[in-house]
Amino acid sequence: MTAEEKQVLEDGGVNVNEAMQRFMNNEKLMERFLKKFETDPSYANLVKAIEEKDCDKAFAESHTLKGISGNLALGVLQKLVSEQTDHFRGKDFEAGAAMMPQVTQAYENALGAIKGVYGT
């Protein structure tokens with residue numbers, strides 16, 4: 001990976017050094033998993049749960065997205081959905097739902113950076 005590609009990923013919220021550690025410094029393995037992020041349904045399911053005002057489902061999907069973003073070292077997204085998960089866990093649906101603009105921005109930034117570097 002070039003320095004420019006690393007910067008694109010970092011700007012999109014990917015902690016590249018942490019991701020490389022998680023993937024045992026195997027850049028191809030990291031790339032493979034980052035590319036799979038686009039096909040993960042957690043974000044779309046979270047949006048749907050919020051549209052349906054289903055706090056339990058929103059909690060489950062936010063929690064799943066938190067785990068995935070943590071595993072992929074998507075630090076900005078992971079921090080936001082972690083906070084959102086806490087709201088849903090505490091049955092504060094409105095507070096969790098109110099975080100969606102920030103969550104969406106972080107999700108789109110990460111996805112855009114991954115696509116920008118790997119062309120998924």
# chains A, B, ... in the order shown; residues from 1 in each chain; ligands from 1
>>> residues_around(residues="segment 81-92 of chain A", least_positions_apart="4", cutoff="6 Å", atoms="only C-alpha atoms", output="PyMOL selection string")
chain A and resi 59+62-63+66+96
>>> residues_around(residues="Leu65 of chain A", least_positions_apart="2", cutoff="10 Å", atoms="only C-alpha atoms", output="list in words")
Asp40, Pro41, Ser42, Tyr43, Asn45, Leu46, Phe59, Ala60, Glu61, Ser62, His63, Gly67, Ile68, Ser69, Gly70, Asn71, Leu77, Gln78, Val81, Ser82, Thr85 and Tyr107 of chain A
>>> write_last_selection(atoms="C-alpha atoms", output="PDB file, in the first residue's frame")
ATOM      1  CA  ASP A  40     -22.215  -6.464   5.258  1.00  0.00           C
ATOM      2  CA  PRO A  41     -25.934  -5.828   5.878  1.00  0.00           C
ATOM      3  CA  SER A  42     -25.621  -4.426   9.422  1.00  0.00           C
ATOM      4  CA  TYR A  43     -25.803  -0.754   8.476  1.00  0.00           C
ATOM      5  CA  ASN A  45     -30.504  -3.338   8.830  1.00  0.00           C
ATOM      6  CA  LEU A  46     -29.825  -0.630  11.423  1.00  0.00           C
ATOM      7  CA  PHE A  59     -29.672  -2.480  19.420  1.00  0.00           C
ATOM      8  CA  ALA A  60     -28.814  -5.804  17.768  1.00  0.00           C
ATOM      9  CA  GLU A  61     -27.799  -4.215  14.470  1.00  0.00           C
ATOM     10  CA  SER A  62     -25.864  -1.388  16.091  1.00  0.00           C
ATOM     11  CA  HIS A  63     -24.070  -3.919  18.279  1.00  0.00           C
ATOM     12  CA  GLY A  67     -18.161  -5.404  16.379  1.00  0.00           C
ATOM     13  CA  ILE A  68     -17.480  -5.366  12.662  1.00  0.00           C
ATOM     14  CA  SER A  69     -16.138  -1.827  12.700  1.00  0.00           C
ATOM     15  CA  GLY A  70     -13.965  -2.681  15.685  1.00  0.00           C
ATOM     16  CA  ASN A  71     -12.564  -5.780  14.002  1.00  0.00           C
ATOM     17  CA  LEU A  77     -17.455   4.468  13.145  1.00  0.00           C
ATOM     18  CA  GLN A  78     -16.778   2.037  15.979  1.00  0.00           C
ATOM     19  CA  VAL A  81     -21.892   2.942  17.150  1.00  0.00           C
ATOM     20  CA  SER A  82     -20.520   1.958  20.542  1.00  0.00           C
ATOM     21  CA  THR A  85     -25.434   0.788  21.209  1.00  0.00           C
ATOM     22  CA  TYR A 107     -20.055   4.793   7.579  1.00  0.00           C
TER      23      TYR A 107
END
>>> select_by_dssp(residues="chain A", states="helix (DSSP H, G or I)", output="PyMOL selection string")
chain A and resi 3-11+16-22+27-39+42-51+55-71+75-89+93-98+100-118
>>> write_last_selection(atoms="C-alpha atoms", output="JSON list (two decimals), in the first residue's frame")
[["chain", "number", "residue", "atom", "x", "y", "z"],
["A", 3, "ALA", "CA", 1.52, 6.29, 1.54],
["A", 4, "GLU", "CA", -1.27, 8.01, -0.40],
["A", 5, "GLU", "CA", -3.55, 4.97, -0.12],
["A", 6, "LYS", "CA", -2.83, 4.72, 3.59],
["A", 7, "GLN", "CA", -3.73, 8.40, 3.98],
["A", 8, "VAL", "CA", -7.02, 7.93, 2.11],
["A", 9, "LEU", "CA", -7.93, 5.06, 4.43],
["A", 10, "GLU", "CA", -6.88, 7.02, 7.53],
["A", 11, "ASP", "CA", -8.88, 10.05, 6.38],
["A", 16, "VAL", "CA", -4.40, 1.27, 9.19],
["A", 17, "ASN", "CA", -1.71, 0.41, 11.73],
["A", 18, "GLU", "CA", -4.26, -1.18, 14.04],
["A", 19, "ALA", "CA", -5.87, -3.03, 11.14],
["A", 20, "MET", "CA", -2.50, -4.37, 10.04],
["A", 21, "GLN", "CA", -1.87, -5.64, 13.56],
["A", 22, "ARG", "CA", -5.27, -7.33, 13.61],
["A", 27, "GLU", "CA", -1.94, -6.54, 3.80],
["A", 28, "LYS", "CA", -3.78, -8.81, 1.35],
["A", 29, "LEU", "CA", -5.85, -10.31, 4.16],
["A", 30, "MET", "CA", -6.67, -6.84, 5.47],
["A", 31, "GLU", "CA", -7.69, -5.76, 1.97],
["A", 32, "ARG", "CA", -9.91, -8.81, 1.56],
["A", 33, "PHE", "CA", -11.81, -8.09, 4.77],
["A", 34, "LEU", "CA", -12.08, -4.36, 4.16],
["A", 35, "LYS", "CA", -13.58, -5.08, 0.74],
["A", 36, "LYS", "CA", -16.20, -7.31, 2.37],
["A", 37, "PHE", "CA", -17.37, -4.41, 4.53],
["A", 38, "GLU", "CA", -19.48, -3.07, 1.66],
["A", 39, "THR", "CA", -21.56, -6.25, 1.52],
["A", 42, "SER", "CA", -25.62, -4.43, 9.42],
["A", 43, "TYR", "CA", -25.80, -0.75, 8.48],
["A", 44, "ALA", "CA", -28.81, -1.21, 6.17],
["A", 45, "ASN", "CA", -30.50, -3.34, 8.83],
["A", 46, "LEU", "CA", -29.82, -0.63, 11.42],
["A", 47, "VAL", "CA", -31.43, 2.00, 9.19],
["A", 48, "LYS", "CA", -34.45, -0.24, 8.70],
["A", 49, "ALA", "CA", -34.78, -0.91, 12.44],
["A", 50, "ILE", "CA", -34.74, 2.80, 13.15],
["A", 51, "GLU", "CA", -37.31, 3.46, 10.44],
["A", 55, "CYS", "CA", -35.33, -0.47, 19.69],
["A", 56, "ASP", "CA", -34.40, -4.13, 20.23],
["A", 57, "LYS", "CA", -33.59, -4.69, 16.56],
["A", 58, "ALA", "CA", -31.72, -1.36, 16.42],
["A", 59, "PHE", "CA", -29.67, -2.48, 19.42],
["A", 60, "ALA", "CA", -28.81, -5.80, 17.77],
["A", 61, "GLU", "CA", -27.80, -4.21, 14.47],
["A", 62, "SER", "CA", -25.86, -1.39, 16.09],
["A", 63, "HIS", "CA", -24.07, -3.92, 18.28],
["A", 64, "THR", "CA", -23.19, -6.02, 15.24],
["A", 65, "LEU", "CA", -21.91, -2.97, 13.36],
["A", 66, "LYS", "CA", -19.87, -2.01, 16.42],
["A", 67, "GLY", "CA", -18.16, -5.40, 16.38],
["A", 68, "ILE", "CA", -17.48, -5.37, 12.66],
["A", 69, "SER", "CA", -16.14, -1.83, 12.70],
["A", 70, "GLY", "CA", -13.97, -2.68, 15.69],
["A", 71, "ASN", "CA", -12.56, -5.78, 14.00],
["A", 75, "GLY", "CA", -12.21, 3.68, 14.70],
["A", 76, "VAL", "CA", -14.49, 6.65, 14.06],
["A", 77, "LEU", "CA", -17.45, 4.47, 13.14],
["A", 78, "GLN", "CA", -16.78, 2.04, 15.98],
["A", 79, "LYS", "CA", -16.72, 4.82, 18.58],
["A", 80, "LEU", "CA", -20.02, 6.24, 17.35],
["A", 81, "VAL", "CA", -21.89, 2.94, 17.15],
["A", 82, "SER", "CA", -20.52, 1.96, 20.54],
["A", 83, "GLU", "CA", -22.17, 5.04, 22.04],
["A", 84, "GLN", "CA", -25.31, 4.39, 20.00],
["A", 85, "THR", "CA", -25.43, 0.79, 21.21],
["A", 86, "ASP", "CA", -25.33, 2.02, 24.80],
["A", 87, "HIS", "CA", -28.38, 4.23, 24.14],
["A", 88, "PHE", "CA", -30.32, 1.36, 22.61],
["A", 89, "ARG", "CA", -29.24, -1.02, 25.38],
["A", 93, "PHE", "CA", -34.37, 4.83, 21.33],
["A", 94, "GLU", "CA", -34.59, 8.56, 20.58],
["A", 95, "ALA", "CA", -31.00, 9.24, 21.64],
["A", 96, "GLY", "CA", -29.70, 6.30, 19.62],
["A", 97, "ALA", "CA", -31.75, 7.24, 16.57],
["A", 98, "ALA", "CA", -30.57, 10.85, 16.85],
["A", 100, "MET", "CA", -27.78, 8.32, 12.81],
["A", 101, "PRO", "CA", -26.51, 11.38, 10.90],
["A", 102, "GLN", "CA", -23.11, 10.99, 12.55],
["A", 103, "VAL", "CA", -23.14, 7.20, 12.14],
["A", 104, "THR", "CA", -24.13, 7.55, 8.49],
["A", 105, "GLN", "CA", -21.35, 10.07, 7.83],
["A", 106, "ALA", "CA", -18.73, 7.85, 9.45],
["A", 107, "TYR", "CA", -20.06, 4.79, 7.58],
["A", 108, "GLU", "CA", -20.00, 6.61, 4.24],
["A", 109, "ASN", "CA", -16.51, 8.01, 4.91],
["A", 110, "ALA", "CA", -15.13, 4.55, 5.69],
["A", 111, "LEU", "CA", -16.87, 2.93, 2.75],
["A", 112, "GLY", "CA", -15.77, 5.70, 0.40],
["A", 113, "ALA", "CA", -12.16, 5.40, 1.52],
["A", 114, "ILE", "CA", -12.20, 1.62, 1.09],
["A", 115, "LYS", "CA", -13.71, 1.95, -2.38],
["A", 116, "GLY", "CA", -11.26, 4.71, -3.23],
["A", 117, "VAL", "CA", -8.27, 2.55, -2.41],
["A", 118, "TYR", "CA", -9.47, -0.89, -3.44]]
>>> decode(residues="segment 45-90 of chain A", atoms="N, CA and C atoms", output="mmCIF file, in the first residue's frame")
data_model
loop_
_atom_site.group_PDB
_atom_site.id
_atom_site.type_symbol
_atom_site.label_atom_id
_atom_site.label_comp_id
_atom_site.auth_asym_id
_atom_site.auth_seq_id
_atom_site.Cartn_x
_atom_site.Cartn_y
_atom_site.Cartn_z
ATOM 1 N N ASN A 45 -29.559 -2.795 7.851
ATOM 2 C CA ASN A 45 -30.504 -3.338 8.830
ATOM 3 C C ASN A 45 -30.738 -2.362 9.983
ATOM 4 N N LEU A 46 -29.693 -1.640 10.368
ATOM 5 C CA LEU A 46 -29.825 -0.630 11.423
ATOM 6 C C LEU A 46 -30.757 0.492 10.966
ATOM 7 N N VAL A 47 -30.561 0.951 9.745
ATOM 8 C CA VAL A 47 -31.425 1.997 9.190
ATOM 9 C C VAL A 47 -32.881 1.536 9.186
ATOM 10 N N LYS A 48 -33.091 0.305 8.756
ATOM 11 C CA LYS A 48 -34.453 -0.237 8.704
ATOM 12 C C LYS A 48 -35.058 -0.332 10.109
ATOM 13 N N ALA A 49 -34.277 -0.788 11.067
ATOM 14 C CA ALA A 49 -34.776 -0.911 12.442
ATOM 15 C C ALA A 49 -35.173 0.450 13.001
ATOM 16 N N ILE A 50 -34.408 1.455 12.673
ATOM 17 C CA ILE A 50 -34.738 2.798 13.154
ATOM 18 C C ILE A 50 -35.991 3.319 12.449
ATOM 19 N N GLU A 51 -36.096 3.062 11.155
ATOM 20 C CA GLU A 51 -37.314 3.457 10.437
ATOM 21 C C GLU A 51 -38.549 2.794 11.045
ATOM 22 N N GLU A 52 -38.387 1.552 11.503
ATOM 23 C CA GLU A 52 -39.489 0.797 12.112
ATOM 24 C C GLU A 52 -39.661 1.117 13.601
ATOM 25 N N LYS A 53 -38.770 1.956 14.126
ATOM 26 C CA LYS A 53 -38.784 2.319 15.553
ATOM 27 C C LYS A 53 -38.724 1.088 16.466
ATOM 28 N N ASP A 54 -37.887 0.133 16.068
ATOM 29 C CA ASP A 54 -37.713 -1.116 16.803
ATOM 30 C C ASP A 54 -36.403 -1.034 17.596
ATOM 31 N N CYS A 55 -36.509 -0.689 18.854
ATOM 32 C CA CYS A 55 -35.327 -0.471 19.689
ATOM 33 C C CYS A 55 -34.499 -1.744 19.844
ATOM 34 N N ASP A 56 -35.143 -2.880 20.042
ATOM 35 C CA ASP A 56 -34.402 -4.133 20.225
ATOM 36 C C ASP A 56 -33.625 -4.508 18.968
ATOM 37 N N LYS A 57 -34.271 -4.378 17.826
ATOM 38 C CA LYS A 57 -33.595 -4.686 16.562
ATOM 39 C C LYS A 57 -32.484 -3.661 16.290
ATOM 40 N N ALA A 58 -32.747 -2.397 16.599
ATOM 41 C CA ALA A 58 -31.725 -1.359 16.418
ATOM 42 C C ALA A 58 -30.511 -1.663 17.296
ATOM 43 N N PHE A 59 -30.769 -2.103 18.532
ATOM 44 C CA PHE A 59 -29.672 -2.480 19.420
ATOM 45 C C PHE A 59 -28.845 -3.600 18.800
ATOM 46 N N ALA A 60 -29.521 -4.644 18.329
ATOM 47 C CA ALA A 60 -28.814 -5.804 17.768
ATOM 48 C C ALA A 60 -27.968 -5.402 16.559
ATOM 49 N N GLU A 61 -28.531 -4.602 15.684
ATOM 50 C CA GLU A 61 -27.799 -4.215 14.470
ATOM 51 C C GLU A 61 -26.671 -3.241 14.783
ATOM 52 N N SER A 62 -26.914 -2.319 15.695
ATOM 53 C CA SER A 62 -25.864 -1.388 16.091
ATOM 54 C C SER A 62 -24.721 -2.140 16.771
ATOM 55 N N HIS A 63 -25.080 -3.109 17.591
ATOM 56 C CA HIS A 63 -24.070 -3.919 18.279
ATOM 57 C C HIS A 63 -23.243 -4.721 17.275
ATOM 58 N N THR A 64 -23.901 -5.273 16.278
ATOM 59 C CA THR A 64 -23.186 -6.020 15.240
ATOM 60 C C THR A 64 -22.247 -5.100 14.470
ATOM 61 N N LEU A 65 -22.736 -3.928 14.093
ATOM 62 C CA LEU A 65 -21.909 -2.968 13.362
ATOM 63 C C LEU A 65 -20.735 -2.504 14.217
ATOM 64 N N LYS A 66 -20.958 -2.377 15.504
ATOM 65 C CA LYS A 66 -19.873 -2.013 16.420
ATOM 66 C C LYS A 66 -18.768 -3.067 16.375
ATOM 67 N N GLY A 67 -19.151 -4.329 16.419
ATOM 68 C CA GLY A 67 -18.161 -5.404 16.379
ATOM 69 C C GLY A 67 -17.404 -5.458 15.069
ATOM 70 N N ILE A 68 -18.120 -5.323 13.983
ATOM 71 C CA ILE A 68 -17.480 -5.366 12.662
ATOM 72 C C ILE A 68 -16.529 -4.191 12.499
ATOM 73 N N SER A 69 -16.994 -3.002 12.860
ATOM 74 C CA SER A 69 -16.138 -1.827 12.700
ATOM 75 C C SER A 69 -14.927 -1.908 13.622
ATOM 76 N N GLY A 70 -15.102 -2.490 14.792
ATOM 77 C CA GLY A 70 -13.965 -2.681 15.685
ATOM 78 C C GLY A 70 -12.962 -3.668 15.121
ATOM 79 N N ASN A 71 -13.450 -4.770 14.584
ATOM 80 C CA ASN A 71 -12.564 -5.780 14.002
ATOM 81 C C ASN A 71 -11.788 -5.243 12.804
ATOM 82 N N LEU A 72 -12.398 -4.330 12.064
ATOM 83 C CA LEU A 72 -11.748 -3.771 10.877
ATOM 84 C C LEU A 72 -10.969 -2.492 11.185
ATOM 85 N N ALA A 73 -10.944 -2.098 12.451
ATOM 86 C CA ALA A 73 -10.237 -0.889 12.897
ATOM 87 C C ALA A 73 -10.806 0.374 12.245
ATOM 88 N N LEU A 74 -12.126 0.393 12.096
ATOM 89 C CA LEU A 74 -12.813 1.594 11.615
ATOM 90 C C LEU A 74 -13.146 2.419 12.849
ATOM 91 N N GLY A 75 -12.136 3.070 13.384
ATOM 92 C CA GLY A 75 -12.210 3.685 14.699
ATOM 93 C C GLY A 75 -13.303 4.715 14.881
ATOM 94 N N VAL A 76 -13.485 5.597 13.920
ATOM 95 C CA VAL A 76 -14.489 6.649 14.061
ATOM 96 C C VAL A 76 -15.881 6.028 14.117
ATOM 97 N N LEU A 77 -16.157 5.133 13.185
ATOM 98 C CA LEU A 77 -17.455 4.468 13.145
ATOM 99 C C LEU A 77 -17.669 3.632 14.398
ATOM 100 N N GLN A 78 -16.664 2.906 14.811
ATOM 101 C CA GLN A 78 -16.778 2.037 15.979
ATOM 102 C C GLN A 78 -17.101 2.840 17.236
ATOM 103 N N LYS A 79 -16.466 3.986 17.400
ATOM 104 C CA LYS A 79 -16.717 4.815 18.580
ATOM 105 C C LYS A 79 -18.165 5.306 18.589
ATOM 106 N N LEU A 80 -18.650 5.738 17.436
ATOM 107 C CA LEU A 80 -20.024 6.239 17.353
ATOM 108 C C LEU A 80 -21.052 5.144 17.611
ATOM 109 N N VAL A 81 -20.891 3.994 16.957
ATOM 110 C CA VAL A 81 -21.892 2.942 17.150
ATOM 111 C C VAL A 81 -21.788 2.317 18.538
ATOM 112 N N SER A 82 -20.638 2.417 19.159
ATOM 113 C CA SER A 82 -20.520 1.958 20.542
ATOM 114 C C SER A 82 -21.402 2.826 21.451
ATOM 115 N N GLU A 83 -21.324 4.130 21.266
ATOM 116 C CA GLU A 83 -22.169 5.044 22.037
ATOM 117 C C GLU A 83 -23.648 4.814 21.704
ATOM 118 N N GLN A 84 -23.929 4.628 20.420
ATOM 119 C CA GLN A 84 -25.307 4.389 19.995
ATOM 120 C C GLN A 84 -25.850 3.097 20.612
ATOM 121 N N THR A 85 -25.040 2.068 20.623
ATOM 122 C CA THR A 85 -25.434 0.788 21.209
ATOM 123 C C THR A 85 -25.800 0.960 22.681
ATOM 124 N N ASP A 86 -25.030 1.773 23.384
ATOM 125 C CA ASP A 86 -25.330 2.025 24.796
ATOM 126 C C ASP A 86 -26.711 2.670 24.960
ATOM 127 N N HIS A 87 -27.050 3.598 24.078
ATOM 128 C CA HIS A 87 -28.382 4.226 24.139
ATOM 129 C C HIS A 87 -29.475 3.180 23.932
ATOM 130 N N PHE A 88 -29.297 2.370 22.886
ATOM 131 C CA PHE A 88 -30.321 1.359 22.608
ATOM 132 C C PHE A 88 -30.398 0.320 23.723
ATOM 133 N N ARG A 89 -29.265 -0.049 24.270
ATOM 134 C CA ARG A 89 -29.241 -1.019 25.376
ATOM 135 C C ARG A 89 -30.052 -0.480 26.558
ATOM 136 N N GLY A 90 -29.931 0.816 26.793
ATOM 137 C CA GLY A 90 -30.662 1.454 27.878
ATOM 138 C C GLY A 90 -32.086 1.839 27.504
#
